[in-house]
There are 2 protein chains.
Amino acid sequence: MDNFMFYNPTRIVFGKNAVSGLSKLLKKQGTTKVLLHYGGGSIFKNGAHKDVVAELNLLGIPFVELGGVQSNPRISLVKKGIELVKAENIDFILALGGGSVIDSAKAIGVGAYKQDVWEDLFMTGNPAKKMMGLGVVSTLAATGSESSTSCVITSDEAGYKRGIGGEALLPAFLLLDPRYTYTLSAHQTACGACGIMAHLLERYFTGSSDVEFTDKLLESTMLTVKEFAPLALQKPDDYNARSQLMWAGTMAHNNLLNTGRTGDWASHKIEHELSDRYDIAHGQGLAVIFPAWMRYVYRTDTARFERLAKSVWGSEKKGVEAAEEGINRLESWLESLGLKTRLKELNIDSRDFVLMAKMCLKHRPYIGEFVRLNQSDIQSIYKLAL
Amino acid sequence: MDNFMFYNPTRIVFGKNAVSGLSKLLKKQGTTKVLLHYGGGSIFKNGAHKDVVAELNLLGIPFVELGGVQSNPRISLVKKGIELVKAENIDFILALGGGSVIDSAKAIGVGAYKQDVWEDLFMTGNPAKKMMGLGVVSTLAATGSESSTSCVITSDEAGYKRGIGGEALLPAFLLLDPRYTYTLSAHQTACGACGIMAHLLERYFTGSSDVEFTDKLLESTMLTVKEFAPLALQKPDDYNARSQLMWAGTMAHNNLLNTGRTGDWASHKIEHELSDRYDIAHGQGLAVIFPAWMRYVYRTDTARFERLAKSVWGSEKKGVEAAEEGINRLESWLESLGLKTRLKELNIDSRDFVLMAKMCLKHRPYIGEFVRLNQSDIQSIYKLAL
């Protein structure tokens with residue numbers, strides 16, 4: 001087990017009417033004016049906007065709204081948010097939505113203390129040291145950004161993503177009401193489940209040894225996602241299925257399940273180039289890239305893939321055969337959720353493979369910790385994903 | 001899944017030389033003078049005292065020492081600690097040891113703000129609202145107090161225990177170096193492992209429904225303890241085994257594994273009367289009481305006991321037979337660790353059973369949430385434990 005530091009002070013309120021604690025939490029923060037930050041129409045459909053506004057009015061806390069966050073959130077809107085925060089003397093940000101909205105809110109919160117948030121923070125790669133008070137009302141079980149130490153933003157002009165890290169990025173509180181996820185489309189639910197599974201797999205494929213406890217916790221969490229994602233699709237208002245998924249999604253990315261171990265994270269980087277370039281959701285991209293990555297690397301550590309196949313995917317085979325069956329079953333599960341698992345099905349051909357592989361390596365000599373990949377490896381993985 | 005609130009801001013540093021971060025952490029807290037609180041000689045044997053003193057000297061932080069914490073820590077020493085804190089203008093407490101030391105330190109930390117800590121806090125049962133800065137160097141994988149919201153103290157005069165709760169009881173930081181547990185006796189290691197297993201079982205036997213995710217996490221943690229406790233006994237300086245046990249012990253009691261569910265906790269209360277009255281360790285008492293409790297209640301929910309038997313204890317039987325095999329295997333595992341599983345082996349007879357059962361119910365009409373127990377039930381469990 002590697003040495004580690006774990007710190008996650010986000011206060012989490014989970015369950016039906018979780019938002020009803022909002023006014024008390026804001027009062028505790030000494031909030032005087034709130035920026036309500038969100039995306040498109042989903043929070044009007046699922047009731048989150050109405051509930052939050054009712055709570056703010058209850059306490060008489062003034063607020064300013066800034067919607068319009070897109071998936072792959074843009075720095076231009078972040079800058080608009082920062083201006084708003086300054087002009088309106090806002091001292092607390094409430095993010096209502098999924099990972100894109102939360103990341104956009106985090107970037108506003110750290111950007112309020114910078115001259116130029118993109119140049120001074122995202123382009124430097126330095127850890128974020130200070131963030132405004134941030135509360136999250138999560139409406140999607142997917143990214144885990146609601147309880148993570150990271151934030152990814154896309155430059156409108158340059159067209160690429162940059163991520164920052166740092167414990168300052170942890171929200172002060174997080175309200176999780178699984179019922180807000182009832183109105184998600186089947187595709188959103190499926191992409192979310194794939195995103196959670198991918199977060200778990202990235203951690204599972206580790207370069208660290210002696211990690212039995214966290215291996216077991218990861219397997220338990222994967223089994224939970226495997227079991228409940230199909231149930232949430234069958235019956236969108238299944239409270240139990242939505243609860244398990246939502247809590248698993250947060251736990252998958254709050255750093256507890258990678259205590260004492262490194263993760264791989266090559267598939268995430270390979271996918272980022274894909275959703276940067278083509279109009280697909282991150283979760284959909286991962287459904288294509290992860291099985292391809294697995295097929296490319298599994299022979300380097302068949303035992304690990306065999307263990308995954310047995311413990312999560314119910315394989316009773318051995319060695320290479322088990323490893324292959326595990327990958328096939330993961331892929332079948334993704335397809336059963338309605339996700340595509342091949343680039344061709346998404347109308348993506350090989351024309352950008354070389355360029356995307358180069359972009360993956362723009363600021364680093366290799367990607368991946370479980371298996372280090374060079375440009376030729378990455379191109380091969382894109383090809384396997386065709 | 002029940003609604004829940006989760007908050008645990010303790011900063012955890014885990015691994016070899018975890019203590020080397022101490023001076024930085026104390027500086028961050030603005031510490032000017034430390035109370036070093038510990039038990040008997042173990043911290044001199046395992047190196048923790050030397051390492052901590054070296055760190056304090058490095059930063060030039062003055063400190064006062066107060067040792068002598070016994071298992072089942074006493075309010076008299078707590079009061080002495082409070083006087084010392086006031087007389088010496090101490091602003092931070094460092095607890096070096098296991099659960100008893102940590103609980104004693106917590107009681108000093110909250111008592112510093114009370115007129116009479118026993119009367120004004122422990123006898124009222126009110127939650128603790130405010131605690132002095134507390135850091136923990138844990139030297140035992142057992143109680144989980146290092147990251148818990150609870151604290152149990154024994155009155156010297158009255159001779160009974162009282163517990164308090166409250167998030168104020170969470171330490172500011174926690175340093176876990178598994179090597180400090182190398183010098184534990186086999187009995188201490190075994191009692192610690194049984195204590196961890198008992199914390200997991202108390203949570204596992206729940207009155208809540210739809211708790212599949214945390215069920216799985218609990219099973220994973222139980223499997224980890226089951227696997228690594230015997231290895232730590234075989235080879236006391238097995239870093240991997242000690243690491244898995246130590247991290248599992250903290251995770252078992254930091255409230256994450258009971259998110260969305262209630263626990264039972266009857267066995268703990270039945271055991272408390274035992275270690276209050278007889279000179280046995282809490283972990284040893286639990287090794288006697290838990291199997292007896294299980295045998296008394298398993299027919300009320302055979303399915304749950306069957307699941308435990310299959311998922312943790314490898315039973316391939318069904319129904320009642322599986323349930324019984326699971327209990328037998330737990331008991332055999334405890335015995336394999338060198339623990340006694342019968343009161344007779346501890347030279348305890350039936351003379352106090354009625355009194356102890358009455359004491360269990362002194363301030364409540366029943367104990368247990370999975371199965372509610374009255375006085376006659378509790379007496380029957382003591383009898384089964386004979």
# chains A, B, ... in the order shown; residues from 1 in each chain; ligands from 1
>>> closest_atom_pairs(of="chain A", to="chain B", cutoff="6 Å", atoms="only C-alpha atoms", output="JSON lines")
{"residue": "A:Asn3", "atom": "CA", "partner": "B:Gly15", "partner_atom": "CA", "distance": 4.3}
{"residue": "A:Phe4", "atom": "CA", "partner": "B:Phe14", "partner_atom": "CA", "distance": 5.2}
{"residue": "A:Met5", "atom": "CA", "partner": "B:Val13", "partner_atom": "CA", "distance": 4.4}
{"residue": "A:Phe6", "atom": "CA", "partner": "B:Ile12", "partner_atom": "CA", "distance": 5.0}
{"residue": "A:Tyr7", "atom": "CA", "partner": "B:Arg11", "partner_atom": "CA", "distance": 4.7}
{"residue": "A:Asn8", "atom": "CA", "partner": "B:Pro9", "partner_atom": "CA", "distance": 5.8}
{"residue": "A:Pro9", "atom": "CA", "partner": "B:Pro9", "partner_atom": "CA", "distance": 3.9}
{"residue": "A:Arg11", "atom": "CA", "partner": "B:Tyr7", "partner_atom": "CA", "distance": 4.7}
{"residue": "A:Ile12", "atom": "CA", "partner": "B:Phe6", "partner_atom": "CA", "distance": 5.0}
{"residue": "A:Val13", "atom": "CA", "partner": "B:Met5", "partner_atom": "CA", "distance": 4.5}
{"residue": "A:Phe14", "atom": "CA", "partner": "B:Phe4", "partner_atom": "CA", "distance": 5.2}
{"residue": "A:Gly15", "atom": "CA", "partner": "B:Asn3", "partner_atom": "CA", "distance": 4.3}
{"residue": "A:Phe213", "atom": "CA", "partner": "B:Thr224", "partner_atom": "CA", "distance": 5.8}
{"residue": "A:Lys216", "atom": "CA", "partner": "B:Ser220", "partner_atom": "CA", "distance": 5.4}
{"residue": "A:Leu217", "atom": "CA", "partner": "B:Leu217", "partner_atom": "CA", "distance": 5.8}
{"residue": "A:Ser220", "atom": "CA", "partner": "B:Lys216", "partner_atom": "CA", "distance": 5.4}
{"residue": "A:Thr224", "atom": "CA", "partner": "B:Phe213", "partner_atom": "CA", "distance": 5.8}
>>> residues_around(residues="Val52 (chain A)", least_positions_apart="2", cutoff="12 Å", atoms="only C-alpha atoms", output="number ranges by chain")
A: 17-23, 26, 34-38, 43-44, 46-50, 54-59, 61, 63, 65, 94-97, 135-138, 175, 177
>>> atom_distance(atom1="CA of Ser100 (chain B)", atom2="CA of Glu202 (chain B)")
20.1 Å
>>> residues_around(residues="region 312-323 of chain A", least_positions_apart="2", cutoff="12 Å", atoms="only C-alpha atoms", output="ChimeraX atom specification")
/A:197,200-201,204,215-227,291,294-310,325-333
>>> residues_around(residues="Ala112 (chain B)", least_positions_apart="6", cutoff="8 Å", atoms="only C-alpha atoms", output="PyMOL selection string")
chain B and resi 82+85-86+131-132
>>> residues_around(residues="Ala232 (chain B)", least_positions_apart="3", cutoff="8 Å", atoms="only C-alpha atoms", output="list in words")
Thr189, Phe228, Ala229, Lys235, Pro236, Asp237, Asp238, Ala241 and Arg242 of chain B
